[in-house]
$ cat final.csv   # CSV, C-alpha atoms
chain,number,residue,atom,x,y,z
A,1,MET,CA,162.5,141.1,239.5
A,2,ASN,CA,165.6,141.7,237.5
A,3,VAL,CA,168.4,142.5,239.9
A,4,LEU,CA,170.2,144.7,237.4
A,5,ARG,CA,167.1,146.7,236.9
A,6,LEU,CA,166.5,147.1,240.6
A,7,SER,CA,170.1,148.2,241.1
A,8,GLY,CA,169.7,150.6,238.2
A,9,ILE,CA,166.6,152.1,239.8
A,10,VAL,CA,168.2,152.3,243.2
A,11,GLY,CA,171.3,153.9,241.7
A,12,ALA,CA,169.2,156.4,239.8
A,13,LEU,CA,167.2,157.1,242.9
A,14,LEU,CA,170.4,157.9,244.8
A,15,VAL,CA,171.6,160.1,242.1
A,16,LEU,CA,168.3,161.8,242.0
A,17,LEU,CA,168.3,162.4,245.7
A,18,ALA,CA,171.9,163.5,245.9
A,19,THR,CA,172.2,165.8,243.0
A,20,PRO,CA,168.8,167.2,242.2
A,21,LEU,CA,170.0,169.5,239.4
A,22,ASP,CA,172.1,167.1,237.4
A,23,PHE,CA,170.5,163.8,236.3
A,24,ALA,CA,171.7,163.5,232.8
A,25,ASP,CA,173.3,160.1,233.0
A,26,ALA,CA,170.8,158.4,235.3
A,27,GLY,CA,167.9,159.3,233.0
A,28,THR,CA,168.5,156.7,230.3
A,29,LYS,CA,169.2,153.8,232.8
A,30,VAL,CA,165.7,153.9,234.1
A,31,VAL,CA,164.1,152.6,230.9
A,32,ALA,CA,166.9,150.3,229.9
A,33,GLY,CA,165.5,147.2,231.5
A,34,ASP,CA,162.2,145.7,230.5
A,35,ASP,CA,160.2,142.5,231.3
A,36,THR,CA,161.5,139.4,229.7
A,37,ALA,CA,158.1,137.6,230.1
A,38,ALA,CA,156.4,139.4,227.3
A,39,PRO,CA,158.8,141.3,225.1
A,40,ALA,CA,156.0,142.6,222.9
A,41,GLU,CA,154.5,144.4,225.8
A,42,PRO,CA,157.2,145.5,228.2
A,43,ARG,CA,156.2,147.0,231.5
A,44,ARG,CA,156.5,150.7,231.2
A,45,ALA,CA,159.0,152.3,233.5
A,46,PHE,CA,159.3,155.8,234.7
A,47,MET,CA,160.9,157.7,237.5
A,48,LEU,CA,159.6,161.2,238.3
A,49,ARG,CA,158.8,163.6,241.1
A,50,ASP,CA,155.5,164.7,242.4
A,51,VAL,CA,154.7,168.3,243.4
A,52,ARG,CA,156.1,167.6,246.9
A,53,SER,CA,159.4,166.4,245.5
A,54,ARG,CA,158.7,162.8,246.3
A,55,VAL,CA,160.4,160.5,243.8
A,56,LEU,CA,157.9,158.1,242.4
A,57,THR,CA,158.5,155.3,239.9
A,58,ASP,CA,156.2,152.9,238.0
A,59,GLN,CA,156.9,150.4,240.8
A,60,ASP,CA,155.1,152.6,243.3
A,61,PHE,CA,151.9,152.3,241.4
A,62,LEU,CA,151.9,148.6,240.9
A,63,GLY,CA,148.6,147.3,242.2
A,64,SER,CA,146.6,150.3,241.0
A,65,TYR,CA,145.0,151.0,237.7
A,66,LEU,CA,146.4,154.2,236.2
A,67,LEU,CA,145.0,156.8,233.9
A,68,ILE,CA,148.1,158.6,232.5
A,69,TYR,CA,148.0,161.8,230.6
A,70,PHE,CA,150.9,163.7,229.1
A,71,GLY,CA,150.4,167.4,228.8
A,72,TYR,CA,151.4,170.9,229.9
A,73,THR,CA,149.6,173.7,231.6
A,74,HIS,CA,150.6,176.8,229.5
A,75,CYS,CA,148.1,176.5,226.7
A,76,PRO,CA,148.5,179.8,225.0
A,77,ASP,CA,145.7,179.5,222.4
A,78,VAL,CA,143.1,177.0,223.4
A,79,CYS,CA,143.4,174.5,226.2
A,80,PRO,CA,142.6,170.8,225.8
A,81,THR,CA,140.0,169.6,228.3
A,82,THR,CA,141.5,166.1,228.8
A,83,LEU,CA,142.1,166.7,232.5
A,84,LEU,CA,138.5,167.8,232.8
A,85,THR,CA,137.5,164.4,231.3
A,86,VAL,CA,139.9,162.6,233.7
A,87,SER,CA,138.2,164.4,236.7
A,88,GLU,CA,134.8,163.6,235.4
A,89,VAL,CA,135.9,159.9,235.1
A,90,MET,CA,137.1,159.9,238.7
A,91,LYS,CA,133.7,161.4,239.8
A,92,GLY,CA,131.8,159.0,237.6
A,93,LEU,CA,133.6,155.9,239.0
A,94,GLY,CA,132.4,156.7,242.5
A,95,ASP,CA,133.7,154.0,244.9
A,96,ASP,CA,135.4,152.2,242.0
A,97,ALA,CA,137.8,155.1,241.8
A,98,LYS,CA,139.6,153.8,244.9
A,99,GLY,CA,141.8,151.5,242.8
A,100,VAL,CA,142.4,154.0,240.1
A,101,VAL,CA,145.2,156.7,240.1
A,102,PRO,CA,145.0,159.5,237.6
A,103,ILE,CA,148.5,160.8,236.7
A,104,PHE,CA,149.4,163.9,234.9
A,105,ILE,CA,152.9,164.0,233.5
A,106,THR,CA,154.1,167.4,232.2
A,107,VAL,CA,156.2,167.5,229.0
A,108,ASP,CA,157.1,171.1,229.8
A,109,PRO,CA,159.1,171.0,233.1
A,110,ASP,CA,160.7,174.4,232.4
A,111,ARG,CA,157.4,176.3,232.9
A,112,ASP,CA,155.5,173.7,234.9
A,113,THR,CA,157.0,174.2,238.3
A,114,PRO,CA,155.8,172.0,241.1
A,115,GLU,CA,153.9,174.9,242.7
A,116,HIS,CA,152.2,175.7,239.5
A,117,MET,CA,151.3,172.1,238.8
A,118,ALA,CA,149.9,171.6,242.3
A,119,GLU,CA,147.6,174.6,241.8
A,120,TYR,CA,146.7,173.5,238.3
A,121,VAL,CA,145.6,169.9,239.1
A,122,SER,CA,143.7,171.0,242.2
A,123,ALA,CA,141.4,172.9,239.8
A,124,PHE,CA,140.4,169.5,238.4
A,125,ASP,CA,140.6,166.8,241.1
A,126,GLU,CA,142.7,166.5,244.2
A,127,ARG,CA,143.4,162.8,243.4
A,128,ILE,CA,145.3,163.7,240.2
A,129,VAL,CA,149.0,163.0,240.8
A,130,ALA,CA,151.1,165.5,239.0
A,131,LEU,CA,154.6,164.4,238.0
A,132,THR,CA,157.6,166.3,236.6
A,133,GLY,CA,161.3,165.8,236.5
A,134,PRO,CA,164.4,166.6,234.6
A,135,GLN,CA,163.8,166.6,230.8
A,136,GLN,CA,165.6,163.2,230.3
A,137,PHE,CA,163.4,161.5,232.8
A,138,ILE,CA,160.3,162.9,231.2
A,139,ASP,CA,161.6,161.9,227.8
A,140,ALA,CA,162.1,158.4,229.2
A,141,ALA,CA,158.5,158.2,230.5
A,142,VAL,CA,157.2,159.6,227.2
A,143,THR,CA,159.1,156.9,225.3
A,144,SER,CA,158.0,154.3,227.7
A,145,TYR,CA,154.4,154.9,226.9
A,146,ASN,CA,155.0,155.4,223.2
A,147,ALA,CA,153.8,158.9,223.6
A,148,TYR,CA,155.1,161.9,221.7
A,149,TYR,CA,155.7,165.6,222.3
A,150,LYS,CA,157.4,168.4,220.4
A,151,LYS,CA,158.2,171.9,221.3
A,152,VAL,CA,156.8,174.4,218.7
A,153,PRO,CA,158.7,177.7,218.9
A,154,SER,CA,156.6,180.9,218.8
A,155,THR,CA,157.4,183.3,216.0
A,156,THR,CA,156.6,186.3,218.1
A,157,ALA,CA,157.7,185.6,221.7
A,158,PRO,CA,160.3,182.9,222.6
A,159,ALA,CA,158.7,182.3,226.0
A,160,ASP,CA,155.3,181.6,224.4
A,161,TYR,CA,156.3,178.3,222.7
A,162,THR,CA,153.6,175.7,222.4
A,163,MET,CA,153.9,171.9,222.8
A,164,ASP,CA,152.4,169.4,220.4
A,165,HIS,CA,151.7,166.3,222.4
A,166,THR,CA,149.9,163.0,222.6
A,167,ALA,CA,146.4,163.9,223.9
A,168,SER,CA,145.2,160.3,224.6
A,169,ILE,CA,144.9,158.9,228.1
A,170,ALA,CA,146.8,155.7,228.7
A,171,PHE,CA,144.9,153.1,230.8
A,172,VAL,CA,147.4,151.0,232.6
A,173,GLY,CA,146.7,147.8,234.6
A,174,PRO,CA,147.9,146.9,238.1
A,175,ASP,CA,150.8,144.9,236.5
A,176,GLY,CA,152.1,148.1,234.9
A,177,ARG,CA,151.0,147.0,231.4
A,178,LEU,CA,149.0,149.2,229.0
A,179,ILE,CA,145.4,148.0,228.7
A,180,THR,CA,144.3,150.6,226.2
A,181,ARG,CA,144.4,154.2,225.2
A,182,PHE,CA,141.4,156.5,225.4
A,183,ALA,CA,141.5,158.9,222.4
A,184,TYR,CA,141.3,162.7,222.9
A,185,GLY,CA,137.6,163.7,222.9
A,186,GLU,CA,136.3,160.4,224.2
A,187,ASP,CA,133.4,160.9,226.4
A,188,ALA,CA,133.9,160.6,230.2
A,189,ALA,CA,130.9,158.2,230.4
A,190,GLN,CA,132.4,155.9,227.8
A,191,ILE,CA,135.7,155.8,229.7
A,192,VAL,CA,133.9,155.1,233.0
A,193,ALA,CA,132.1,152.2,231.4
A,194,ARG,CA,135.3,150.8,229.9
A,195,VAL,CA,137.2,151.1,233.2
A,196,ARG,CA,134.4,149.5,235.1
A,197,GLU,CA,134.3,146.6,232.6
A,198,THR,CA,138.0,146.0,233.2
A,199,LEU,CA,137.7,146.2,237.0
A,200,GLY,CA,134.7,143.9,236.9
A,201,ALA,CA,136.5,141.3,234.7
A,202,ALA,CA,139.5,141.4,237.0
A,203,ARG,CA,137.3,140.8,240.1
A,204,SER,CA,135.6,137.8,238.6
A,205,ASN,CA,138.9,136.1,237.8
B,206,MET,CA,120.6,195.4,206.8
B,207,ARG,CA,122.6,198.0,204.8
B,208,ARG,CA,124.0,199.3,208.1
B,209,LEU,CA,125.0,195.8,209.2
B,210,LEU,CA,126.7,195.2,205.8
B,211,THR,CA,128.6,198.5,206.2
B,212,ILE,CA,129.7,197.5,209.6
B,213,LEU,CA,130.8,194.1,208.5
B,214,VAL,CA,132.6,195.3,205.4
B,215,GLY,CA,134.1,198.1,207.4
B,216,GLY,CA,135.3,195.6,210.0
B,217,LEU,CA,136.7,193.4,207.3
B,218,VAL,CA,138.6,196.3,205.7
B,219,ALA,CA,139.9,197.3,209.1
B,220,ALA,CA,140.9,193.7,209.8
B,221,LEU,CA,142.8,193.5,206.5
B,222,LEU,CA,144.5,196.8,207.0
B,223,ALA,CA,145.6,195.8,210.5
B,224,GLY,CA,146.7,192.4,209.4
B,225,LYS,CA,144.8,190.2,211.7
B,226,ALA,CA,143.5,193.0,213.9
B,227,VAL,CA,145.6,191.8,216.8
B,228,GLY,CA,145.4,194.3,219.6
B,229,GLY,CA,148.1,195.3,222.1
B,230,ASP,CA,146.9,192.5,224.3
B,231,GLY,CA,147.6,189.9,221.6
B,232,LEU,CA,143.9,189.1,221.2
B,233,VAL,CA,142.0,189.0,217.9
B,234,ALA,CA,138.7,190.6,217.2
B,235,PRO,CA,135.8,188.1,217.7
B,236,LEU,CA,134.4,188.6,214.2
B,237,ASP,CA,137.7,187.6,212.7
B,238,ILE,CA,137.4,184.1,214.0
B,239,LEU,CA,133.6,183.8,214.5
B,240,ILE,CA,132.1,180.6,213.0
B,241,ALA,CA,128.5,181.5,211.9
B,242,LYS,CA,125.9,179.0,212.9
B,243,ALA,CA,122.3,178.6,212.1
B,244,SER,CA,121.2,176.0,214.7
B,245,GLU,CA,117.8,174.5,214.3
B,246,ALA,CA,117.2,174.1,218.0
B,247,PRO,CA,118.6,175.6,221.2
B,248,PRO,CA,121.4,173.7,222.9
B,249,GLU,CA,120.6,171.0,225.4
B,250,GLU,CA,119.7,172.4,228.8
B,251,PHE,CA,122.1,172.2,231.7
B,252,VAL,CA,122.2,173.7,235.1
B,253,ILE,CA,124.1,176.9,235.6
B,254,SER,CA,124.6,177.9,239.2
B,255,HIS,CA,124.6,181.5,240.0
B,256,ASP,CA,126.9,182.6,242.9
B,257,GLY,CA,126.9,179.1,244.2
B,258,GLY,CA,123.1,179.3,244.8
B,259,THR,CA,120.3,179.9,242.4
B,260,ALA,CA,120.2,177.6,239.4
B,261,ILE,CA,119.4,179.2,236.1
B,262,SER,CA,118.8,177.5,232.7
B,263,LEU,CA,119.4,178.7,229.2
B,264,ALA,CA,115.6,179.0,228.7
B,265,ASP,CA,115.6,181.7,231.4
B,266,LEU,CA,117.7,183.9,229.1
B,267,ARG,CA,115.4,183.9,226.1
B,268,GLY,CA,114.5,187.3,224.7
B,269,ARG,CA,118.0,188.6,225.0
B,270,LEU,CA,121.1,188.0,222.9
B,271,VAL,CA,123.5,185.9,225.0
B,272,VAL,CA,127.3,185.8,224.9
B,273,LEU,CA,128.0,182.6,226.7
B,274,ASN,CA,131.7,182.2,227.5
B,275,ILE,CA,132.9,178.8,228.7
B,276,TRP,CA,136.1,179.1,230.7
B,277,ALA,CA,138.1,177.9,233.7
B,278,THR,CA,140.7,179.5,235.9
B,279,TRP,CA,143.3,176.9,234.9
B,280,CYS,CA,143.0,177.9,231.3
B,281,LEU,CA,145.5,180.7,230.5
B,282,PRO,CA,143.9,182.0,227.3
B,283,CYS,CA,140.6,182.2,229.1
B,284,ARG,CA,142.1,184.4,231.8
B,285,ASP,CA,143.6,186.6,229.1
B,286,GLU,CA,140.3,187.5,227.5
B,287,MET,CA,138.3,188.0,230.7
B,288,PRO,CA,139.1,191.7,231.2
B,289,SER,CA,137.7,192.4,227.7
B,290,LEU,CA,134.6,190.4,228.4
B,291,ASP,CA,134.1,192.5,231.6
B,292,ARG,CA,134.4,195.7,229.5
B,293,LEU,CA,131.9,194.3,226.9
B,294,SER,CA,129.4,193.7,229.7
B,295,ASP,CA,129.7,197.3,230.6
B,296,LEU,CA,129.3,198.5,227.0
B,297,VAL,CA,126.1,196.7,226.1
B,298,ASP,CA,122.6,197.3,227.3
B,299,ALA,CA,121.9,194.5,229.7
B,300,ARG,CA,118.2,194.4,228.6
B,301,ASP,CA,119.3,193.4,225.1
B,302,VAL,CA,122.5,191.5,225.6
B,303,ALA,CA,123.6,189.2,228.5
B,304,VAL,CA,127.3,188.6,228.8
B,305,LEU,CA,127.7,185.4,230.8
B,306,PRO,CA,131.0,183.6,231.6
B,307,ILE,CA,130.5,180.1,232.9
B,308,SER,CA,133.3,178.5,234.8
B,309,VAL,CA,133.8,174.8,234.7
B,310,ASP,CA,136.4,174.8,237.5
B,311,ALA,CA,136.1,171.8,239.9
B,312,ARG,CA,135.7,174.0,242.9
B,313,ALA,CA,134.4,176.9,241.0
B,314,GLU,CA,133.0,179.2,243.7
B,315,ARG,CA,136.3,179.1,245.5
B,316,ALA,CA,138.3,179.6,242.3
B,317,VAL,CA,136.3,182.2,240.4
B,318,ARG,CA,135.8,184.9,243.0
B,319,PRO,CA,139.5,185.3,244.0
B,320,PHE,CA,140.4,185.4,240.3
B,321,TYR,CA,137.8,188.1,239.6
B,322,PHE,CA,139.1,190.0,242.6
B,323,THR,CA,142.7,189.7,241.4
B,324,ILE,CA,142.1,191.1,237.9
B,325,ASP,CA,139.5,193.6,239.1
B,326,ILE,CA,136.4,192.3,237.3
B,327,LYS,CA,133.5,194.6,237.9
B,328,ASN,CA,130.5,193.6,235.8
B,329,LEU,CA,130.6,189.8,235.4
B,330,PRO,CA,128.5,187.4,237.5
B,331,VAL,CA,129.9,184.3,239.1
B,332,LEU,CA,128.4,181.5,237.1
B,333,THR,CA,129.4,177.8,237.2
B,334,ALA,CA,128.5,174.6,235.6
B,335,SER,CA,129.7,171.0,235.3
B,336,GLY,CA,132.3,170.6,232.6
B,337,ARG,CA,130.6,167.4,231.5
B,338,ASP,CA,127.3,169.1,231.0
B,339,VAL,CA,128.9,171.9,229.0
B,340,VAL,CA,130.8,169.5,226.7
B,341,ALA,CA,127.6,167.5,226.2
B,342,ALA,CA,125.6,170.6,225.4
B,343,PHE,CA,128.0,172.2,222.9
B,344,HIS,CA,130.1,169.3,221.7
B,345,ASP,CA,133.2,171.3,222.2
B,346,GLN,CA,136.4,170.0,223.9
B,347,THR,CA,138.5,173.1,223.7
B,348,MET,CA,138.7,176.0,226.0
B,349,PRO,CA,137.9,178.8,225.9
B,350,PHE,CA,134.9,178.8,223.6
B,351,THR,CA,132.1,181.3,223.3
B,352,VAL,CA,128.7,180.8,221.8
B,353,ILE,CA,126.4,183.6,220.8
B,354,LEU,CA,122.7,182.6,221.3
B,355,GLY,CA,120.0,184.5,219.5
B,356,ARG,CA,116.9,185.9,221.3
B,357,ASP,CA,115.1,182.6,220.6
B,358,GLY,CA,117.9,180.7,222.3
B,359,ARG,CA,119.4,179.2,219.1
B,360,GLU,CA,123.1,179.4,218.5
B,361,ILE,CA,124.0,181.9,215.8
B,362,GLY,CA,127.8,181.9,216.2
B,363,ARG,CA,130.7,180.4,218.0
B,364,VAL,CA,134.3,181.6,218.7
B,365,ARG,CA,136.8,179.0,219.6
B,366,GLY,CA,139.8,180.4,221.5
B,367,PRO,CA,140.3,183.8,223.1
B,368,ALA,CA,139.2,187.1,221.6
B,369,ARG,CA,139.1,190.8,222.4
B,370,TRP,CA,135.4,191.1,223.2
B,371,ASP,CA,135.1,194.8,223.5
B,372,ASP,CA,136.2,195.2,219.9
B,373,PRO,CA,133.9,198.1,218.5
B,374,VAL,CA,133.0,196.2,215.4
B,375,PHE,CA,131.8,193.2,217.5
B,376,VAL,CA,129.9,195.5,219.8
B,377,ALA,CA,128.1,197.1,216.9
B,378,TRP,CA,127.4,193.6,215.4
B,379,LEU,CA,125.8,192.5,218.7
B,380,GLU,CA,123.6,195.6,219.0
B,381,GLU,CA,122.5,195.1,215.5
B,382,LYS,CA,121.6,191.5,216.1
B,383,ALA,CA,119.8,192.4,219.4
B,384,LYS,CA,117.6,194.9,217.7
B,385,ALA,CA,116.9,193.0,214.5
B,386,ALA,CA,113.4,191.6,214.1
B,387,ASP,CA,113.2,187.8,214.5
$ encode --input "final.csv" --output "structure tokens"
Amino acid sequence: MNVLRLSGIVGALLVLLATPLDFADAGTKVVAGDDTAAPAEPRRAFMLRDVRSRVLTDQDFLGSYLLIYFGYTHCPDVCPTTLLTVSEVMKGLGDDAKGVVPIFITVDPDRDTPEHMAEYVSAFDERIVALTGPQQFIDAAVTSYNAYYKKVPSTTAPADYTMDHTASIAFVGPDGRLITRFAYGEDAAQIVARVRETLGAARSN
Amino acid sequence: MRRLLTILVGGLVAALLAGKAVGGDGLVAPLDILIAKASEAPPEEFVISHDGGTAISLADLRGRLVVLNIWATWCLPCRDEMPSLDRLSDLVDARDVAVLPISVDARAERAVRPFYFTIDIKNLPVLTASGRDVVAAFHDQTMPFTVILGRDGREIGRVRGPARWDDPVFVAWLEEKAKAAD
């Protein structure tokens, strides 16, 4: 564990706890460090808040497999059904779901309040961890997973902007490294099979 | 046939005159965005649960035109179009046309009823199904989407995204389809 990195995270954590409304400078430090072991595949860092305002970082999830989806809840035209797929995957995994944490990270923190996100994810699966945070922290997480999002202004009503965003699901290993991405539209059964395959391979090692 | 044509052309002219026929609620008329289909077979069967109890299947609905709306309470555009679907249900003759919204919410019975109550839905039944089954049957990953099933159960059209379902041109189109000989 890189000491600088740790102190960076602790520092950012303190800032996050002390001044919940002003995080501008701490945001970029979180992703500054990466693993020296495999520079081609750095561990993907993030620091965000869940709907109960608990600060969670990538470190908190080490040891679990993650299914990470970036999105937003205010779909004005048609809604993507990716979280529906995630919930079907969790159901399909049965007992194997114990080691898997589904994470929904909003790219629209202005409209996705913690209360709204809590209600939203509970319509899919109670196990989904919904994360938000200041824009800079979200941007850091997005960059960390090579994801993408862009605000698309509405021509008629400014409050009705839409978000273009990465619709794939990142499948992350217990070491924090990306295993693969499941494309938008991929069948829940296929994802279950792929996750099981990975879990099985890890067990037999 | 001529009447149908008149209705369709009339609708088209009205749509052109009104731009995109967007109502005060910001919704478009269904026929403006309907994708006509001529499916060779009815969609794959799946279990639709009525009021958390009785299971019904698509085959049970044969003989009537069916407006099957796939939605969820977490889907904002779905919520927007629901009042117009409720009004449509009141406008059509239930012996000819069945208006059936199917929720794919995870805890659907608990989610749908309070939502119906909140927006004062009067005519729509509480119907639920598994999201996986619905996606498998219709190969559609967006929400909302609405399929129109002919009296023989085959899909004749699909609308992806929300619409204003009580649009008079659409109501006339439905009645025409319901009365037309097979």
$ closest_atom_pairs --input "final.csv" --of "chain B" --to "chain A" --cutoff "8 Å" --atoms "all atoms listed in the file" --output "Markdown table"
| residue | atom | partner | partner_atom | distance |
| --- | --- | --- | --- | --- |
| B:Thr278 | CA | A:Ala123 | CA | 7.7 |
| B:Trp279 | CA | A:Tyr120 | CA | 5.9 |
| B:Cys280 | CA | A:Cys79 | CA | 6.1 |
| B:Leu281 | CA | A:Cys75 | CA | 6.2 |
| B:Pro282 | CA | A:Pro76 | CA | 5.6 |
| B:Asp310 | CA | A:Ala123 | CA | 5.8 |
| B:Ala311 | CA | A:Phe124 | CA | 5.1 |
| B:Arg312 | CA | A:Ala123 | CA | 6.6 |
| B:Ala316 | CA | A:Ala123 | CA | 7.8 |
| B:Gly336 | CA | A:Leu84 | CA | 6.8 |
| B:Arg337 | CA | A:Glu88 | CA | 6.9 |
| B:Gln346 | CA | A:Thr81 | CA | 5.7 |
| B:Thr347 | CA | A:Pro80 | CA | 5.1 |
| B:Met348 | CA | A:Cys79 | CA | 4.9 |
| B:Pro349 | CA | A:Val78 | CA | 6.0 |
| B:Arg365 | CA | A:Val78 | CA | 7.6 |
| B:Gly366 | CA | A:Val78 | CA | 5.1 |
| B:Pro367 | CA | A:Asp77 | CA | 6.9 |
$ atom_distance --input "final.csv" --atom1 "atom CA of B:Val309" --atom2 "atom CA of A:Arg127"
17.7 Å
$ atom_distance --input "final.csv" --atom1 "atom CA of A:Tyr65" --atom2 "atom CA of A:Thr106"
19.5 Å
$ closest_residue --input "final.csv" --among "B:Asp291, B:Asp301, B:Asp345, B:Glu250" --to "B:Lys382" --atoms "only C-alpha atoms"
B:Asp301
$ residues_around --input "final.csv" --residues "A:Asp112" --least-positions-apart "2" --cutoff "12 Å" --atoms "all atoms listed in the file" --output "list in words"
Asp50, Val51, Gly71, Tyr72, Thr73, His74, Cys75, Phe104, Ile105, Thr106, Val107, Asp108, Pro109, Asp110, Pro114, Glu115, His116, Met117, Ala118, Glu119, Tyr120, Val121, Ala130, Leu131, Thr132, Gly133, Pro134 and Gln135 of chain A
$ atom_distance --input "final.csv" --atom1 "atom CA of B:Ala342" --atom2 "atom CA of A:Gly94"
23.1 Å
$ residues_around --input "final.csv" --residues "A:Ile169" --least-positions-apart "2" --cutoff "6 Å" --atoms "only C-alpha atoms" --output "PDB file with C-alpha atoms, in the coordinates of the input"
ATOM      1  CA  ILE A  68     148.100 158.600 232.500  1.00  0.00           C
ATOM      2  CA  TYR A  69     148.000 161.800 230.600  1.00  0.00           C
ATOM      3  CA  ARG A 181     144.400 154.200 225.200  1.00  0.00           C
ATOM      4  CA  PHE A 182     141.400 156.500 225.400  1.00  0.00           C
TER       5      PHE A 182
END
$ closest_residue --input "final.csv" --among "B:Arg356, B:Lys327, B:Arg363, B:His344" --to "B:Arg292" --atoms "all atoms listed in the file"
B:Lys327
$ residues_around --input "final.csv" --residues "B:Ile240" --least-positions-apart "3" --cutoff "10 Å" --atoms "all atoms listed in the file" --output "MDAnalysis selection string"
chainID B and resid 235:237 352 361:365
$ closest_residue --input "final.csv" --among "A:Asp58, A:Asp164, A:Asp95, A:Glu197" --to "A:Phe70" --atoms "only C-alpha atoms"
A:Asp164
$ closest_residue --input "final.csv" --among "B:Glu314, B:Asp371, B:Asp325, B:Asp298" --to "B:Lys384" --atoms "all atoms listed in the file"
B:Asp298
$ closest_residue --input "final.csv" --among "B:Val297, B:Leu263, B:Val376, B:Ala303" --to "B:Glu249" --atoms "all atoms listed in the file"
B:Leu263
$ decode --input "final.csv" --residues "stretch 340-356 of chain B" --atoms "N, CA and C atoms" --output "CSV table (one decimal), in the first residue's frame"
chain,number,residue,atom,x,y,z
B,340,VAL,N,-38.5,-8.8,-21.5
B,340,VAL,CA,-37.4,-8.5,-22.4
B,340,VAL,C,-37.2,-9.6,-23.4
B,341,ALA,N,-37.3,-10.9,-22.9
B,341,ALA,CA,-37.2,-12.1,-23.7
B,341,ALA,C,-38.3,-12.2,-24.7
B,342,ALA,N,-39.5,-11.8,-24.3
B,342,ALA,CA,-40.7,-11.9,-25.2
B,342,ALA,C,-40.7,-10.9,-26.3
B,343,PHE,N,-40.2,-9.7,-26.0
B,343,PHE,CA,-40.4,-8.6,-27.0
B,343,PHE,C,-39.0,-8.1,-27.5
B,344,HIS,N,-37.9,-8.6,-27.0
B,344,HIS,CA,-36.6,-8.2,-27.4
B,344,HIS,C,-36.5,-6.6,-27.4
B,345,ASP,N,-36.9,-6.1,-26.3
B,345,ASP,CA,-36.8,-4.6,-26.2
B,345,ASP,C,-36.2,-4.2,-24.9
B,346,GLN,N,-35.2,-3.4,-24.9
B,346,GLN,CA,-34.5,-3.1,-23.7
B,346,GLN,C,-34.8,-1.6,-23.2
B,347,THR,N,-35.8,-1.0,-23.9
B,347,THR,CA,-36.1,0.4,-23.5
B,347,THR,C,-37.4,0.4,-22.7
B,348,MET,N,-37.6,1.5,-22.1
B,348,MET,CA,-38.9,1.6,-21.3
B,348,MET,C,-39.3,3.0,-21.3
B,349,PRO,N,-40.6,3.4,-21.5
B,349,PRO,CA,-41.6,2.4,-21.8
B,349,PRO,C,-41.6,1.9,-23.2
B,350,PHE,N,-42.3,0.8,-23.5
B,350,PHE,CA,-42.6,0.5,-24.8
B,350,PHE,C,-44.0,-0.2,-24.8
B,351,THR,N,-44.7,0.0,-25.9
B,351,THR,CA,-46.1,-0.5,-26.0
B,351,THR,C,-46.3,-1.3,-27.2
B,352,VAL,N,-46.8,-2.5,-27.1
B,352,VAL,CA,-47.1,-3.3,-28.3
B,352,VAL,C,-48.6,-3.4,-28.5
B,353,ILE,N,-49.0,-3.3,-29.8
B,353,ILE,CA,-50.4,-3.5,-30.1
B,353,ILE,C,-50.5,-4.9,-30.7
B,354,LEU,N,-51.3,-5.7,-30.0
B,354,LEU,CA,-51.5,-7.1,-30.5
B,354,LEU,C,-52.9,-7.2,-31.2
B,355,GLY,N,-52.9,-7.8,-32.4
B,355,GLY,CA,-54.1,-8.0,-33.1
B,355,GLY,C,-55.0,-9.0,-32.4
B,356,ARG,N,-56.2,-9.2,-33.0
B,356,ARG,CA,-57.1,-10.2,-32.3
B,356,ARG,C,-56.6,-11.6,-32.3
